[in-house]
$ cat final.txt   # compact mmCIF, C-alpha atoms
# COMPACT_ATOMS: atom_id res chain seq x y z
CA MET A 1 47.10 -69.03 -90.12
CA ALA A 2 49.40 -66.12 -89.40
CA LEU A 3 48.41 -62.72 -90.71
CA ALA A 4 51.61 -62.57 -92.75
CA ASP A 5 50.53 -65.75 -94.55
CA ILE A 6 47.20 -64.36 -95.78
CA ARG A 7 47.62 -63.75 -99.49
CA ARG A 8 45.39 -63.27 -102.48
CA GLU A 9 46.31 -63.39 -106.16
CA TYR A 10 44.63 -60.85 -108.45
CA THR A 11 43.74 -62.34 -111.80
CA LEU A 12 40.49 -60.85 -113.10
CA GLY A 13 41.86 -58.32 -115.54
CA GLY A 14 44.17 -55.46 -116.37
CA LEU A 15 43.99 -51.75 -117.11
CA ARG A 16 45.61 -50.13 -120.14
CA ARG A 17 46.15 -46.47 -120.89
CA ARG A 18 43.98 -46.68 -124.00
CA ASP A 19 41.09 -48.04 -121.92
CA LEU A 20 40.85 -44.87 -119.83
CA ALA A 21 38.36 -42.07 -120.36
CA PRO A 22 39.89 -38.59 -120.83
CA GLU A 23 38.24 -37.37 -117.62
CA PRO A 24 38.37 -39.26 -114.31
CA LEU A 25 34.72 -38.78 -113.32
CA THR A 26 33.67 -40.48 -116.56
CA GLN A 27 36.07 -43.31 -115.77
CA PHE A 28 34.74 -43.52 -112.22
CA ARG A 29 31.14 -43.80 -113.39
CA ALA A 30 32.09 -46.63 -115.74
CA TRP A 31 33.77 -48.56 -112.93
CA PHE A 32 30.95 -47.78 -110.50
CA ASP A 33 28.38 -49.10 -112.99
CA GLN A 34 30.40 -52.28 -113.33
CA ALA A 35 30.55 -52.64 -109.54
CA LEU A 36 26.77 -52.30 -109.50
CA GLY A 37 26.54 -54.95 -112.20
CA ALA A 38 24.94 -52.59 -114.70
CA ARG A 39 27.40 -53.59 -117.36
CA GLY A 40 30.49 -55.76 -117.45
CA GLY A 41 33.99 -55.00 -118.65
CA GLY A 42 33.93 -57.87 -121.08
CA ARG A 43 32.13 -61.21 -121.04
CA LEU A 44 34.91 -63.11 -119.31
CA LEU A 45 35.27 -60.54 -116.53
CA LYS A 46 31.51 -60.41 -116.04
CA PHE A 47 31.33 -64.21 -115.84
CA PHE A 48 34.01 -64.44 -113.14
CA VAL A 49 32.57 -61.53 -111.16
CA ASN A 50 29.10 -63.11 -111.16
CA LEU A 51 30.60 -66.48 -110.22
CA TYR A 52 32.48 -64.88 -107.32
CA LYS A 53 29.30 -63.16 -106.08
CA ALA A 54 27.38 -66.45 -106.33
CA PHE A 55 29.91 -68.20 -104.10
CA LEU A 56 29.66 -65.36 -101.56
CA MET A 57 25.87 -65.65 -101.50
CA LEU A 58 26.03 -69.42 -101.05
CA GLY A 59 28.30 -68.88 -98.08
CA GLY A 60 25.77 -66.53 -96.50
CA ALA A 61 27.66 -63.31 -97.27
CA GLN A 62 25.64 -60.23 -98.11
CA PRO A 63 26.45 -58.13 -101.19
CA ALA A 64 28.77 -55.23 -100.40
CA ASP A 65 27.59 -51.64 -100.45
CA VAL A 66 29.27 -50.53 -103.67
CA ASN A 67 28.77 -46.88 -102.70
CA ALA A 68 30.65 -47.35 -99.41
CA MET A 69 33.81 -45.24 -99.28
CA THR A 70 36.42 -44.49 -96.66
CA LEU A 71 36.58 -40.76 -95.94
CA ALA A 72 39.78 -39.44 -94.39
CA THR A 73 40.01 -35.99 -92.80
CA VAL A 74 42.62 -34.11 -90.78
CA ASP A 75 42.11 -31.83 -87.78
CA ALA A 76 43.73 -28.45 -87.18
CA GLU A 77 46.74 -30.15 -85.53
CA GLY A 78 47.31 -32.47 -88.49
CA ARG A 79 45.93 -35.59 -86.79
CA PRO A 80 44.11 -37.82 -89.31
CA SER A 81 40.93 -39.81 -88.86
CA ALA A 82 38.95 -42.04 -91.21
CA ARG A 83 35.55 -43.72 -91.39
CA VAL A 84 33.25 -45.35 -93.93
CA VAL A 85 30.46 -43.19 -95.35
CA LEU A 86 28.13 -43.63 -98.32
CA LEU A 87 28.47 -41.90 -101.67
CA LYS A 88 25.15 -40.21 -102.44
CA GLY A 89 25.96 -38.57 -105.74
CA VAL A 90 28.66 -38.00 -108.32
CA ASP A 91 28.46 -35.24 -110.93
CA GLU A 92 30.69 -32.72 -112.69
CA ARG A 93 31.53 -31.14 -109.31
CA GLY A 94 32.74 -34.31 -107.63
CA PHE A 95 31.65 -36.78 -104.93
CA VAL A 96 28.66 -36.01 -102.68
CA PHE A 97 28.00 -37.28 -99.15
CA TYR A 98 25.92 -36.15 -96.16
CA THR A 99 26.58 -35.99 -92.45
CA ASN A 100 26.20 -34.05 -89.21
CA TYR A 101 28.28 -30.85 -89.39
CA HIS A 102 28.99 -31.17 -85.64
CA SER A 103 30.44 -34.68 -85.99
CA ARG A 104 34.17 -35.30 -85.81
CA LYS A 105 34.50 -35.26 -89.60
CA GLY A 106 32.39 -32.11 -89.80
CA ARG A 107 34.56 -30.32 -87.25
CA GLU A 108 37.72 -31.45 -88.99
CA LEU A 109 36.46 -30.32 -92.39
CA ALA A 110 35.64 -26.92 -90.90
CA ALA A 111 39.24 -26.65 -89.68
CA ASN A 112 40.86 -28.17 -92.78
CA PRO A 113 38.53 -28.40 -95.81
CA ARG A 114 40.41 -31.13 -97.64
CA GLY A 115 39.74 -34.86 -97.64
CA ALA A 116 40.47 -38.17 -99.27
CA LEU A 117 38.22 -41.02 -100.36
CA VAL A 118 38.93 -44.69 -101.02
CA PHE A 119 36.57 -47.07 -102.82
CA TYR A 120 37.45 -50.77 -102.77
CA TRP A 121 35.50 -53.27 -104.85
CA ALA A 122 36.97 -56.65 -103.97
CA ASP A 123 34.88 -58.61 -106.46
CA LEU A 124 36.39 -56.55 -109.31
CA GLU A 125 39.86 -56.35 -107.71
CA ARG A 126 39.69 -52.57 -108.04
CA GLN A 127 40.39 -49.54 -105.92
CA VAL A 128 39.84 -45.82 -106.52
CA CYS A 129 41.62 -43.18 -104.43
CA VAL A 130 40.45 -39.56 -104.53
CA SER A 131 41.69 -36.37 -102.88
CA GLY A 132 40.66 -32.75 -103.06
CA GLU A 133 38.87 -29.82 -101.50
CA VAL A 134 35.60 -30.41 -99.63
CA LYS A 135 32.79 -27.85 -99.82
CA LYS A 136 29.36 -27.67 -98.23
CA LEU A 137 26.35 -28.11 -100.49
CA SER A 138 23.63 -25.48 -100.63
CA GLU A 139 20.83 -25.63 -98.07
CA ALA A 140 18.36 -26.30 -100.88
CA GLU A 141 20.29 -29.35 -102.06
CA SER A 142 20.66 -30.64 -98.50
CA ASP A 143 16.92 -30.10 -97.90
CA ALA A 144 16.02 -32.04 -101.04
CA TYR A 145 18.14 -35.04 -100.06
CA PHE A 146 17.02 -34.96 -96.42
CA SER A 147 13.36 -35.09 -97.45
CA SER A 148 14.07 -38.23 -99.51
CA ARG A 149 15.41 -40.17 -96.51
CA PRO A 150 13.27 -42.67 -94.59
CA ARG A 151 11.34 -41.00 -91.77
CA GLY A 152 13.22 -42.95 -89.09
CA SER A 153 16.56 -41.75 -90.46
CA ARG A 154 15.35 -38.15 -90.46
CA ILE A 155 14.29 -38.49 -86.83
CA ALA A 156 17.67 -40.01 -85.97
CA ALA A 157 19.50 -37.07 -87.55
CA ARG A 158 17.67 -34.77 -85.11
CA ALA A 159 18.05 -37.07 -82.10
CA SER A 160 21.75 -37.91 -82.40
CA ASP A 161 24.55 -35.52 -81.43
CA GLN A 162 26.92 -37.43 -83.66
CA SER A 163 30.38 -38.17 -82.21
CA GLN A 164 29.40 -36.87 -78.73
CA VAL A 165 29.57 -39.09 -75.65
CA VAL A 166 26.25 -40.64 -74.54
CA ARG A 167 25.52 -42.45 -71.30
CA ASP A 168 24.07 -45.61 -72.83
CA ARG A 169 21.84 -47.04 -75.58
CA ALA A 170 18.73 -46.19 -73.59
CA GLU A 171 19.58 -42.47 -73.73
CA LEU A 172 19.85 -42.63 -77.52
CA GLU A 173 16.54 -44.44 -77.88
CA GLN A 174 14.84 -42.01 -75.51
CA ARG A 175 16.00 -39.05 -77.60
CA TRP A 176 14.71 -40.76 -80.74
CA ARG A 177 11.27 -41.34 -79.14
CA GLU A 178 11.11 -37.72 -78.03
CA GLU A 179 11.76 -36.49 -81.57
CA GLU A 180 9.28 -39.00 -82.97
CA THR A 181 6.63 -37.65 -80.59
CA ARG A 182 7.51 -34.04 -81.39
CA TYR A 183 6.95 -34.56 -85.11
CA ALA A 184 4.07 -37.03 -84.92
CA GLY A 185 1.87 -36.49 -87.95
CA ARG A 186 4.17 -33.77 -89.26
CA GLU A 187 7.04 -33.51 -91.71
CA VAL A 188 10.45 -33.91 -90.08
CA PRO A 189 12.57 -30.87 -91.03
CA ARG A 190 16.29 -31.01 -91.69
CA PRO A 191 18.25 -29.78 -88.66
CA PRO A 192 20.56 -26.85 -89.50
CA HIS A 193 23.61 -28.83 -88.34
CA TRP A 194 23.04 -31.64 -90.88
CA GLY A 195 23.72 -31.48 -94.60
CA GLY A 196 25.85 -32.32 -97.58
CA TYR A 197 29.38 -31.93 -98.82
CA VAL A 198 31.01 -32.36 -102.20
CA LEU A 199 34.63 -33.41 -102.51
CA VAL A 200 36.01 -31.61 -105.56
CA PRO A 201 38.83 -33.87 -106.80
CA ASP A 202 42.23 -32.67 -107.88
CA ARG A 203 43.71 -36.18 -107.94
CA ILE A 204 42.06 -39.53 -108.70
CA GLU A 205 43.90 -42.84 -108.93
CA PHE A 206 42.51 -46.05 -110.46
CA TRP A 207 44.05 -49.33 -109.27
CA GLN A 208 43.48 -52.72 -110.89
CA GLY A 209 44.91 -55.79 -109.19
CA ARG A 210 47.27 -57.90 -111.29
CA PRO A 211 49.23 -61.15 -110.75
CA ASN A 212 52.55 -61.07 -108.87
CA ARG A 213 51.63 -57.70 -107.34
CA LEU A 214 52.43 -55.92 -110.62
CA HIS A 215 49.21 -53.97 -110.34
CA ASP A 216 48.02 -51.39 -112.86
CA ARG A 217 47.80 -47.86 -111.42
CA PHE A 218 46.84 -44.72 -113.32
CA CYS A 219 46.66 -41.28 -111.75
CA TYR A 220 44.65 -38.31 -113.05
CA THR A 221 45.95 -34.94 -111.80
CA ARG A 222 44.00 -31.73 -112.38
CA GLN A 223 46.00 -29.08 -114.25
CA PRO A 224 45.73 -25.26 -113.85
CA ASP A 225 43.47 -25.09 -116.93
CA ASN A 226 41.18 -27.80 -115.44
CA THR A 227 42.33 -30.46 -117.90
CA TRP A 228 43.61 -33.76 -116.54
CA LYS A 229 47.10 -35.24 -116.79
CA ILE A 230 47.14 -39.05 -116.83
CA GLU A 231 50.20 -40.98 -115.69
CA ARG A 232 50.95 -44.64 -114.99
CA LEU A 233 52.34 -45.26 -111.51
CA ALA A 234 54.54 -48.11 -110.35
CA PRO A 235 52.59 -50.59 -108.20
$ encode --input "final.txt" --output "structure tokens"
Amino acid sequence: MALADIRREYTLGGLRRRDLAPEPLTQFRAWFDQALGARGGGRLLKFFVNLYKAFLMLGGAQPADVNAMTLATVDAEGRPSARVVLLKGVDERGFVFYTNYHSRKGRELAANPRGALVFYWADLERQVCVSGEVKKLSEAESDAYFSSRPRGSRIAARASDQSQVVRDRAELEQRWREEETRYAGREVPRPPHWGGYVLVPDRIEFWQGRPNRLHDRFCYTRQPDNTWKIERLAP
């Protein structure tokens, strides 16, 4: 089959203006909970979502990471890059994630502290696009999250110079063993070049797939008084 012939019809549901929460983070949490399966958006939608997931499992597919999000950043010359990271928190500030500050994304955020996120939940036929300023979290908050990570992940954060060239896999594993030996029987401390960010949104768009590509799109835009303007966008 040619790539141009790959098509999918979106039929699970719609999105109406009256269904939306006044604030986008409240709306995001509702959709995120539905992606987790905590509660459905109606019995019929929940039935079809569960049926879809059952077929995926029967085919050997693993459930998707619902907190996976594409993070896009731009360097000082305006060249974009993107990668998938994991959402580790969402609160009144915005969307929280953690990484190595010396990584490519860390260097780009230091040069241009703005970013964009995309969540895509195929089983709900939904997408959320977010953009805004990105700020570092406090050292105390980064310390608290780092201490909650599995020990092997903490060792890896110290052993890996993220985004830097390495000779081979053996070099990576050797660095990991060295750090494991160094902290044998001791707590693994957070390295100073590793920590958290929060993306403070000024624009959030909610997309619901609909038949015939007449999708529902609603955009929340932050106003000067920190209220949110909601507008329907053409698909």
$ closest_residue --input "final.txt" --among "A:Tyr10, A:Tyr120, A:Phe28, A:Trp228" --to "Phe95 of chain A" --atoms "all atoms listed in the file"
A:Phe28
$ residues_around --input "final.txt" --residues "Tyr101 of chain A" --least-positions-apart "3" --cutoff "6 Å" --atoms "all atoms listed in the file" --output "PyMOL selection string"
chain A and resi 106+193-194
$ closest_residue --input "final.txt" --among "A:Thr99, A:Asn67, A:Gln127, A:Gln223" --to "Gln208 of chain A" --atoms "all atoms listed in the file"
A:Gln127
$ atom_distance --input "final.txt" --atom1 "atom CA of Pro235 of chain A" --atom2 "atom CA of Ala21 of chain A"
20.6 Å
$ atom_distance --input "final.txt" --atom1 "atom CA of Gln174 of chain A" --atom2 "atom CA of Gln162 of chain A"
15.3 Å
$ atom_distance --input "final.txt" --atom1 "atom CA of Val66 of chain A" --atom2 "atom CA of Trp176 of chain A"
28.9 Å
$ closest_residue --input "final.txt" --among "A:Ile6, A:Ala72, A:Arg177, A:Gln34" --to "Val118 of chain A" --atoms "all atoms listed in the file"
A:Ala72
$ residues_near_point --input "final.txt" --point "(20.9, -38.3, -84.4)" --cutoff "10 Å" --atoms "all atoms listed in the file" --output "PyMOL selection string"
chain A and resi 100+153-163+172-173+175-176+179+191+194
$ residues_near_point --input "final.txt" --point "(50.9, -51.8, -109.7)" --cutoff "7 Å" --atoms "only C-alpha atoms" --output "number ranges by chain"
A: 213-217, 233-235
$ closest_residue --input "final.txt" --among "A:Gly152, A:Ser147, A:Leu12, A:Arg126" --to "Glu180 of chain A" --atoms "only C-alpha atoms"
A:Gly152
$ closest_residue --input "final.txt" --among "A:Ala2, A:Arg203, A:Glu23, A:Ser131" --to "Thr227 of chain A" --atoms "all atoms listed in the file"
A:Glu23
$ closest_residue --input "final.txt" --among "A:Thr73, A:Leu87, A:Asp65, A:Arg186" --to "Arg107 of chain A" --atoms "all atoms listed in the file"
A:Thr73
$ residues_around --input "final.txt" --residues "Gln164 of chain A" --least-positions-apart "5" --cutoff "9 Å" --atoms "all atoms listed in the file" --output "number ranges by chain"
A: 102-104
$ axis_aligned_box --input "final.txt" --around "segment 127-138 of chain A" --padding-each-side "6 Å" --output "JSON"
{"center_x": 32.7, "center_y": -37.5, "center_z": -102.4, "size_x": 30.1, "size_y": 36.1, "size_z": 20.3}
$ residues_around --input "final.txt" --residues "Cys129 of chain A" --least-positions-apart "4" --cutoff "9 Å" --atoms "all atoms listed in the file" --output "PyMOL selection string"
chain A and resi 116-120+203-207
$ write_last_selection --input "final.txt" --atoms "C-alpha atoms" --output "tab-separated table (two decimals), keeping the file's coordinate frame"
chain	number	residue	atom	x	y	z
A	116	ALA	CA	40.47	-38.17	-99.27
A	117	LEU	CA	38.22	-41.02	-100.36
A	118	VAL	CA	38.93	-44.69	-101.02
A	119	PHE	CA	36.57	-47.07	-102.82
A	120	TYR	CA	37.45	-50.77	-102.77
A	203	ARG	CA	43.71	-36.18	-107.94
A	204	ILE	CA	42.06	-39.53	-108.70
A	205	GLU	CA	43.90	-42.84	-108.93
A	206	PHE	CA	42.51	-46.05	-110.46
A	207	TRP	CA	44.05	-49.33	-109.27
$ closest_atom_pairs --input "final.txt" --of "segment 111-168 of chain A" --to "segment 197-201 of chain A" --cutoff "9 Å" --atoms "only C-alpha atoms" --output "tab-separated table"
residue	atom	partner	partner_atom	distance
A:Arg114	CA	A:Leu199	CA	7.9
A:Gly115	CA	A:Leu199	CA	7.2
A:Ala116	CA	A:Leu199	CA	8.2
A:Leu117	CA	A:Leu199	CA	8.7
A:Val130	CA	A:Pro201	CA	6.3
A:Ser131	CA	A:Pro201	CA	5.5
A:Gly132	CA	A:Pro201	CA	4.3
A:Glu133	CA	A:Val200	CA	5.3
A:Val134	CA	A:Leu199	CA	4.3
A:Lys135	CA	A:Val198	CA	5.4
A:Lys136	CA	A:Tyr197	CA	4.3
A:Leu137	CA	A:Tyr197	CA	5.2
A:Ser138	CA	A:Tyr197	CA	8.8
A:Ser142	CA	A:Tyr197	CA	8.8
$ residues_around --input "final.txt" --residues "Glu139 of chain A" --least-positions-apart "6" --cutoff "9 Å" --atoms "all atoms listed in the file" --output "PyMOL selection string"
chain A and resi 192+195-196
$ decode --input "final.txt" --residues "segment 95-222 of chain A" --atoms "C-alpha atoms" --output "short mmCIF file (atom, residue, chain, number, x, y, z; two decimals), in the first residue's frame"
data_model
loop_
_atom_site.label_atom_id
_atom_site.label_comp_id
_atom_site.auth_asym_id
_atom_site.auth_seq_id
_atom_site.Cartn_x
_atom_site.Cartn_y
_atom_site.Cartn_z
CA PHE A 95 3.39 20.97 32.36
CA VAL A 96 6.39 19.46 34.18
CA PHE A 97 9.17 17.29 32.73
CA TYR A 98 12.76 16.41 33.67
CA THR A 99 15.96 16.08 31.70
CA ASN A 100 19.69 16.73 31.52
CA TYR A 101 20.33 20.49 31.30
CA HIS A 102 23.35 19.79 29.06
CA SER A 103 21.30 17.81 26.53
CA ARG A 104 20.34 19.30 23.18
CA LYS A 105 16.92 20.35 24.48
CA GLY A 106 18.50 21.80 27.62
CA ARG A 107 20.97 23.87 25.59
CA GLU A 108 18.22 25.06 23.27
CA LEU A 109 15.96 26.04 26.17
CA ALA A 110 18.84 28.01 27.68
CA ALA A 111 19.17 29.92 24.40
CA ASN A 112 15.44 30.26 23.70
CA PRO A 113 13.21 29.47 26.72
CA ARG A 114 10.06 28.69 24.77
CA GLY A 115 8.73 25.31 23.70
CA ALA A 116 5.79 23.39 22.35
CA LEU A 117 4.21 20.10 23.39
CA VAL A 118 1.99 17.66 21.50
CA PHE A 119 0.00 14.85 23.11
CA TYR A 120 -1.64 12.32 20.79
CA TRP A 121 -4.03 9.69 22.13
CA ALA A 122 -4.94 7.56 19.13
CA ASP A 123 -7.45 5.39 20.99
CA LEU A 124 -9.50 8.51 21.82
CA GLU A 125 -8.82 10.20 18.45
CA ARG A 126 -7.57 13.25 20.35
CA GLN A 127 -4.63 15.61 20.24
CA VAL A 128 -3.55 18.45 22.52
CA CYS A 129 -1.05 21.09 21.37
CA VAL A 130 0.58 23.41 23.92
CA SER A 131 3.02 26.31 23.61
CA GLY A 132 4.55 28.71 26.08
CA GLU A 133 7.53 29.77 28.14
CA VAL A 134 9.71 27.10 29.76
CA LYS A 135 11.22 27.68 33.21
CA LYS A 136 13.51 25.61 35.40
CA LEU A 137 12.04 24.11 38.55
CA SER A 138 13.60 24.79 41.94
CA GLU A 139 16.47 22.58 43.08
CA ALA A 140 14.29 21.31 45.93
CA GLU A 141 11.57 20.15 43.54
CA SER A 142 14.12 18.52 41.24
CA ASP A 143 15.75 16.80 44.24
CA ALA A 144 12.40 15.43 45.40
CA TYR A 145 11.58 13.94 42.01
CA PHE A 146 15.10 12.59 41.46
CA SER A 147 14.99 10.72 44.77
CA SER A 148 11.74 9.02 43.68
CA ARG A 149 13.31 7.51 40.55
CA PRO A 150 14.51 3.90 40.42
CA ARG A 151 18.13 3.59 41.54
CA GLY A 152 19.29 2.44 38.09
CA SER A 153 17.77 5.53 36.49
CA ARG A 154 19.49 7.78 39.00
CA ILE A 155 22.82 6.13 38.23
CA ALA A 156 22.18 6.55 34.50
CA ALA A 157 21.53 10.27 34.95
CA ARG A 158 25.04 10.59 36.41
CA ALA A 159 26.70 8.28 33.89
CA SER A 160 25.23 9.68 30.68
CA ASP A 161 26.39 12.92 29.05
CA GLN A 162 23.09 13.16 27.23
CA SER A 163 23.27 14.13 23.53
CA GLN A 164 27.10 13.88 23.46
CA VAL A 165 28.90 11.49 21.11
CA VAL A 166 30.05 8.18 22.67
CA ARG A 167 32.36 5.61 21.16
CA ASP A 168 30.08 2.59 21.59
CA ARG A 169 27.60 0.83 23.89
CA ALA A 170 30.44 -0.61 25.95
CA GLU A 171 31.60 2.89 26.92
CA LEU A 172 28.11 3.75 28.19
CA GLU A 173 27.85 0.56 30.22
CA GLN A 174 31.32 1.08 31.67
CA ARG A 175 30.37 4.57 32.85
CA TRP A 176 27.21 3.17 34.44
CA ARG A 177 29.20 0.47 36.31
CA GLU A 178 31.67 3.08 37.54
CA GLU A 179 28.87 5.21 38.99
CA GLU A 180 27.21 2.13 40.47
CA THR A 181 30.48 1.26 42.23
CA ARG A 182 31.01 4.84 43.40
CA TYR A 183 27.64 4.93 45.14
CA ALA A 184 27.49 1.32 46.31
CA GLY A 185 25.54 1.23 49.56
CA ARG A 186 24.93 4.98 49.41
CA GLU A 187 22.18 7.29 48.20
CA VAL A 188 22.67 8.46 44.62
CA PRO A 189 22.54 12.28 44.61
CA ARG A 190 21.04 14.34 41.82
CA PRO A 191 23.75 15.73 39.54
CA PRO A 192 23.64 19.55 39.28
CA HIS A 193 23.16 19.35 35.50
CA TRP A 194 19.92 17.33 35.79
CA GLY A 195 16.53 18.65 36.82
CA GLY A 196 13.05 19.78 35.96
CA TYR A 197 11.28 22.30 33.79
CA VAL A 198 7.73 23.59 33.67
CA LEU A 199 6.19 24.77 30.42
CA VAL A 200 3.88 27.65 31.34
CA PRO A 201 1.22 27.64 28.60
CA ASP A 202 -0.05 30.70 26.81
CA ARG A 203 -1.86 28.68 24.14
CA ILE A 204 -3.49 25.23 24.33
CA GLU A 205 -5.45 23.60 21.52
CA PHE A 206 -7.76 20.60 21.87
CA TRP A 207 -8.38 18.51 18.74
CA GLN A 208 -11.03 15.82 18.40
CA GLY A 209 -11.09 13.74 15.23
CA ARG A 210 -14.35 13.78 13.28
CA PRO A 211 -15.62 12.09 10.08
CA ASN A 212 -14.71 13.55 6.68
CA ARG A 213 -11.79 15.44 8.24
CA LEU A 214 -14.17 18.04 9.70
CA HIS A 215 -12.39 17.80 13.02
CA ASP A 216 -13.31 19.80 16.11
CA ARG A 217 -10.57 22.22 17.23
CA PHE A 218 -10.77 24.65 20.12
CA CYS A 219 -7.97 26.99 21.11
CA TYR A 220 -7.46 28.59 24.54
CA THR A 221 -5.31 31.75 24.43
CA ARG A 222 -4.08 33.41 27.62
#
